[in-house]
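Participant: My questions all concern the structure below.
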Amino acid sequence: PDGMVRLKYAYVITCDEIVRDPETNEPIELKCTLNPDTRAGVTPEGMKRVGGIIQWVEATTAIKCQINQYDRLFKTEEPGKVTGNFLDDINKNSLKILDNCVVEPSVAIDSIDLMAKIRHRSKEEGVASNDKIYHSELAYQFERSGYFALDAASSPGKPIFNRVVTLRDTWAVPKKKKGGNNNNKGNERRRGGGGQAKNNGAVLEDVRRVAIKAGTILEAGPHPDADSLIVCKVDCGDEGGETRTVVAGLGGKIPFDDLLNKKVACVTNLKPAKMRGIESTAMLLAASDGAEGADEKVELLKIPNAVPNGELMSFDGKEPCEPDEMMKSKGALKAFDRVKACLRVSTNGEALYVQEGKEHKMVSSGGAIEVESLKDVVIQ
């Protein structure tokens, strides 16, 4: 009781009473008071900022669903290595069925729509196998849990979702070797910290030290404490499927609906920075016409949809990029500032790195990187 928390994108509530099960003493209900002055991230004057933010679903409109929470089938990376029988290493908890979960009604609507399309398509004659529609085409990231796809056993009255990817895979983290490895020292000097010298002694160009990667915006919403900022969840292709939190100064510039599932260019090796209390672990690159305040027009750089998340961008006429592990030293940050000052959009709407009057297109495996309509403007 008396603890406060913010409901994401909504209000701060204060817990007044905890109702417990008389037999198990487990909490079954929280009776709370809503603070009407805290809507959409506002912290009233004189009130201490609430640190905790929780995800929530409105109970009266929520739809019940089943979650099949799949985990790895085996407990070890090499089943049977110790005993010689791979069955000894089967993970008995590889599937947990959660039967009383709730989701937003829009998820149920999407599920019903897809199931109707599947039924309709199944009645058509002569449908090629590559034109079939599958339940798994409907997928979501359930926040802090993983990625989930619709199960074929779903019904209109009860959608079922299977977890297909967790947000973090501990097996994907390489183990550190004891005693270190002298062979890595040169590589660390080249990639980490202020390491701008290559192993052969040559200096690495500033632009080749910056990691500009393809990413997809999975979620976007307002910053709870700043109207000018937004908070996004972005898939930058990191190992284990872990997403990045990105805080960007796009408040009021681009509608949130236009950001969802958008393929964007992200700088992924800058030192994480807290922006009004929320740590941002990447930076979105956008073109700006340079106008002030509400008159400014901003467009995010467009990455072709065929480009996989995590792909490293390159520049025509330049050697492949060899990014620093993290650009955090003063020298590295100055190098990034020099690069940023040379990024702009051409008269054809293509992203460029302009060095000593020479233009180098930013390119991906899917072609040049462009913006929607702005031309001859800066990228920031």
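Labels for the structure tokens follow display order: chains A, B, ..., residues from 1 in each chain, ligands from 1.
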Do a neighbour search on stretch 6-16 of chain A at 10 Å with only C-alpha atoms, toss out local chain neighbours closer than 4 positions, and write the hits as a PyMOL selection string.

Facilitator: chain A and resi 1-2+30-43+49-57+221-224

Participant: Quick one: write out the picked residues with N, CA, C and O atoms as a tab-separated table (two decimals), in the first residue's frame?

Facilitator:
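Done, and the output landed in selection_39.tsv:
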```
chain	number	residue	atom	x	y	z
A	1	PRO	N	0.82	-1.21	0.00
A	1	PRO	CA	0.00	0.00	0.00
A	1	PRO	C	0.86	1.26	0.00
A	1	PRO	O	1.97	1.27	0.53
A	2	ASP	N	0.29	2.33	-0.59
A	2	ASP	CA	0.92	3.65	-0.73
A	2	ASP	C	1.99	3.67	-1.82
A	2	ASP	O	2.54	4.73	-2.10
A	30	LEU	N	-5.79	-5.44	-6.52
A	30	LEU	CA	-5.23	-4.21	-5.95
A	30	LEU	C	-6.28	-3.12	-6.08
A	30	LEU	O	-6.81	-2.88	-7.17
A	31	LYS	N	-6.60	-2.47	-4.97
A	31	LYS	CA	-7.51	-1.33	-5.01
A	31	LYS	C	-6.65	-0.07	-5.00
A	31	LYS	O	-5.85	0.14	-4.10
A	32	CYS	N	-6.84	0.75	-6.05
A	32	CYS	CA	-5.94	1.88	-6.26
A	32	CYS	C	-6.71	3.17	-6.48
A	32	CYS	O	-7.90	3.16	-6.81
A	33	THR	N	-5.99	4.27	-6.34
A	33	THR	CA	-6.51	5.60	-6.65
A	33	THR	C	-5.76	6.17	-7.84
A	33	THR	O	-4.53	6.13	-7.88
A	34	LEU	N	-6.51	6.68	-8.80
A	34	LEU	CA	-5.91	7.26	-10.01
A	34	LEU	C	-5.69	8.75	-9.81
A	34	LEU	O	-6.54	9.46	-9.27
A	35	ASN	N	-4.53	9.22	-10.23
A	35	ASN	CA	-4.23	10.66	-10.17
A	35	ASN	C	-4.54	11.27	-11.53
A	35	ASN	O	-3.80	11.08	-12.49
A	36	PRO	N	-5.64	12.03	-11.67
A	36	PRO	CA	-6.07	12.54	-12.99
A	36	PRO	C	-5.13	13.56	-13.59
A	36	PRO	O	-5.23	13.87	-14.78
A	37	ASP	N	-4.21	14.11	-12.80
A	37	ASP	CA	-3.29	15.13	-13.32
A	37	ASP	C	-2.04	14.53	-13.95
A	37	ASP	O	-1.12	15.28	-14.32
A	38	THR	N	-1.99	13.21	-14.05
A	38	THR	CA	-0.75	12.57	-14.52
A	38	THR	C	-0.92	11.91	-15.88
A	38	THR	O	-0.10	11.08	-16.26
A	39	ARG	N	-1.94	12.28	-16.61
A	39	ARG	CA	-2.23	11.63	-17.89
A	39	ARG	C	-1.08	11.82	-18.89
A	39	ARG	O	-0.47	12.87	-18.96
A	40	ALA	N	-0.80	10.73	-19.65
A	40	ALA	CA	0.15	10.77	-20.78
A	40	ALA	C	1.54	11.24	-20.37
A	40	ALA	O	2.20	11.97	-21.07
A	41	GLY	N	1.97	10.80	-19.19
A	41	GLY	CA	3.35	11.07	-18.80
A	41	GLY	C	3.59	12.35	-18.03
A	41	GLY	O	4.73	12.67	-17.69
A	42	VAL	N	2.53	13.10	-17.75
A	42	VAL	CA	2.70	14.38	-17.04
A	42	VAL	C	3.00	14.13	-15.56
A	42	VAL	O	2.37	13.30	-14.92
A	43	THR	N	3.98	14.85	-15.04
A	43	THR	CA	4.27	14.84	-13.61
A	43	THR	C	3.96	16.23	-13.05
A	43	THR	O	4.64	17.20	-13.38
A	49	ARG	N	8.73	12.38	-9.37
A	49	ARG	CA	8.55	11.55	-10.55
A	49	ARG	C	8.50	10.08	-10.17
A	49	ARG	O	9.33	9.59	-9.41
A	50	VAL	N	7.52	9.36	-10.73
A	50	VAL	CA	7.36	7.94	-10.46
A	50	VAL	C	8.29	7.15	-11.38
A	50	VAL	O	8.28	7.35	-12.60
A	51	GLY	N	9.08	6.27	-10.80
A	51	GLY	CA	10.07	5.55	-11.59
A	51	GLY	C	9.50	4.36	-12.34
A	51	GLY	O	9.91	4.07	-13.45
A	52	GLY	N	8.56	3.64	-11.74
A	52	GLY	CA	8.07	2.41	-12.36
A	52	GLY	C	6.99	2.62	-13.39
A	52	GLY	O	6.08	3.43	-13.20
A	53	ILE	N	7.09	1.92	-14.51
A	53	ILE	CA	6.06	1.94	-15.56
A	53	ILE	C	5.69	0.49	-15.86
A	53	ILE	O	6.57	-0.34	-16.11
A	54	ILE	N	4.39	0.18	-15.84
A	54	ILE	CA	3.98	-1.20	-16.08
A	54	ILE	C	3.04	-1.26	-17.29
A	54	ILE	O	2.29	-0.32	-17.57
A	55	GLN	N	3.14	-2.38	-18.03
A	55	GLN	CA	2.22	-2.64	-19.12
A	55	GLN	C	0.90	-3.15	-18.51
A	55	GLN	O	0.91	-3.80	-17.48
A	56	TRP	N	-0.19	-2.90	-19.20
A	56	TRP	CA	-1.48	-3.28	-18.64
A	56	TRP	C	-2.49	-3.47	-19.77
A	56	TRP	O	-2.30	-3.00	-20.89
A	57	VAL	N	-3.57	-4.18	-19.46
A	57	VAL	CA	-4.67	-4.38	-20.39
A	57	VAL	C	-5.96	-4.05	-19.66
A	57	VAL	O	-6.16	-4.47	-18.52
A	221	GLY	N	5.51	5.42	-29.06
A	221	GLY	CA	4.57	6.12	-28.20
A	221	GLY	C	5.21	7.37	-27.63
A	221	GLY	O	6.41	7.62	-27.80
A	222	PRO	N	4.42	8.18	-26.93
A	222	PRO	CA	4.96	9.43	-26.36
A	222	PRO	C	5.89	9.16	-25.18
A	222	PRO	O	5.75	8.17	-24.48
A	223	HIS	N	6.83	10.07	-25.00
A	223	HIS	CA	7.67	10.03	-23.80
A	223	HIS	C	6.81	10.49	-22.63
A	223	HIS	O	6.07	11.47	-22.74
A	224	PRO	N	6.87	9.80	-21.50
A	224	PRO	CA	5.99	10.18	-20.38
A	224	PRO	C	6.28	11.55	-19.79
A	224	PRO	O	5.42	12.12	-19.13
```

Participant: Can you tell me, as a list of chain:residue names, what residues are no more than 6 Å from stretch 331-346 of chain A when counting only C-alpha atoms, ignoring any on the same chain fewer than 5 positions away?

Facilitator: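 Residues near the query, excluding close chain neighbours: A:Gly194, A:Asp206, A:Val207, A:Ala351, A:Leu352, A:Tyr353, A:Val354, A:Lys375, A:Asp376, A:Val377, A:Val378, A:Ile379.
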
Participant: Applying 8 Å and only C-alpha atoms, which residues near A:Leu98 remain after dropping the ones on its own chain fewer than 6 positions away? List them as a PyMOL selection string.

Facilitator: chain A and resi 66-69

Participant: Tell me which protein, DNA and RNA residues are within 9 Å of A:Gly317, counting only C-alpha atoms, leaving out same-chain ones fewer than 3 positions away, and put them as a PyMOL selection string.

Facilitator: chain A and resi 359-361

Participant: What would the file look like if the residues just selected were written as a compact mmCIF listing (two decimals), in the first residue's frame with all heavy atoms?

Facilitator:
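Saved result, part24.txt, follows:
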```txt
# COMPACT_ATOMS: atom_id res chain seq x y z
N GLU A 359 30.45 13.27 -53.34
CA GLU A 359 29.26 12.63 -52.78
C GLU A 359 29.40 11.11 -52.78
O GLU A 359 29.79 10.52 -53.80
CB GLU A 359 28.02 13.03 -53.58
CG GLU A 359 27.73 14.53 -53.51
CD GLU A 359 26.49 14.90 -54.31
OE1 GLU A 359 26.00 14.04 -55.09
OE2 GLU A 359 26.00 16.04 -54.16
N HIS A 360 29.07 10.50 -51.65
CA HIS A 360 29.09 9.03 -51.52
C HIS A 360 27.70 8.58 -51.09
O HIS A 360 27.24 8.93 -49.99
CB HIS A 360 30.12 8.59 -50.49
CG HIS A 360 31.52 9.07 -50.78
ND1 HIS A 360 32.41 8.36 -51.55
CD2 HIS A 360 32.16 10.22 -50.41
CE1 HIS A 360 33.55 9.02 -51.62
NE2 HIS A 360 33.42 10.16 -50.94
N LYS A 361 27.00 7.82 -51.93
CA LYS A 361 25.66 7.36 -51.60
C LYS A 361 25.70 6.35 -50.45
O LYS A 361 26.57 5.50 -50.39
CB LYS A 361 25.00 6.68 -52.80
CG LYS A 361 24.58 7.62 -53.91
CD LYS A 361 23.88 6.81 -54.99
CE LYS A 361 23.51 7.68 -56.17
NZ LYS A 361 22.84 6.89 -57.25
```

Participant: As a ChimeraX atom specification, which residues of stretch 29-92 of chain A does DSSP assign to strand (DSSP E or B)?

Facilitator: /A:29-35,53-54,63-70,74,90

Participant: May I have a table of the residues of stretch 294-330 of chain A lying at most 6 Å from stretch 362-366 of chain A, giving each one's closest pair of atoms and their distance in Å to one decimal, counting only C-alpha atoms, ordered by chain and ascending residue number, as JSON lines?

Facilitator:
```
{"residue": "A:Pro304", "atom": "CA", "partner": "A:Gly366", "partner_atom": "CA", "distance": 5.7}
{"residue": "A:Val307", "atom": "CA", "partner": "A:Gly366", "partner_atom": "CA", "distance": 5.7}
{"residue": "A:Met313", "atom": "CA", "partner": "A:Ser364", "partner_atom": "CA", "distance": 5.3}
{"residue": "A:Ser314", "atom": "CA", "partner": "A:Val363", "partner_atom": "CA", "distance": 5.5}
{"residue": "A:Phe315", "atom": "CA", "partner": "A:Met362", "partner_atom": "CA", "distance": 4.6}
```

Participant: So that I can check the surroundings of A:Ala294, please list as number ranges by chain every protein, DNA and RNA residue that reaches within 10 Å of it, counting only C-alpha atoms and ignoring chain neighbours fewer than 3 positions away.

Facilitator: A: 251-253, 291, 297

Participant: At a cut-off of 10 Å, using only C-alpha atoms, what residues contact A:Leu300? Leave out same-chain residues fewer than 5 positions from it and give the result as a PyMOL selection string.

Facilitator: chain A and resi 250+254+259+262-266+284-288+370-372+379-380

Participant: Would you mind telling me which residue in A:Leu229, A:Leu270, A:Ile278, A:Ala220 lies nearest to A:Asp257 when using only C-alpha atoms?

Facilitator: A:Ala220

Participant: For A:Leu73, which residue among A:Asp21, A:Asp89, A:Glu58, A:Glu299 is the nearest when counting only C-alpha atoms?

Facilitator: A:Asp89

Participant: Using only C-alpha atoms, find the one residue out of A:Arg276, A:Lys213, A:Lys318, A:Lys81 that sits nearest to A:Ile369.

Facilitator: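 When distances to A:Ile369 are compared using only C-alpha atoms, the smallest one comes from A:Lys213.
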
Participant: Enumerate, as a ChimeraX atom specification, the complete set of residues in stretch 34-128 of chain A that a backbone-based DSSP assignment places in helix (DSSP H, G or I).

Facilitator: /A:36-41,86-89,105-123

Participant: At what distance in Å, to one decimal, does atom CA of A:Asp258 lie from atom CA of A:Asn348?

Facilitator: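 About the pair atom CA of A:Asn348 and atom CA of A:Asp258: they are 22.7 Å apart.
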
Participant: Calculate how many Å separate atom CA of A:Pro105 from atom CA of A:Pro159, rounding to one decimal.

Facilitator: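 Atom-to-atom, atom CA of A:Pro105 and atom CA of A:Pro159 are spaced 11.0 Å apart.
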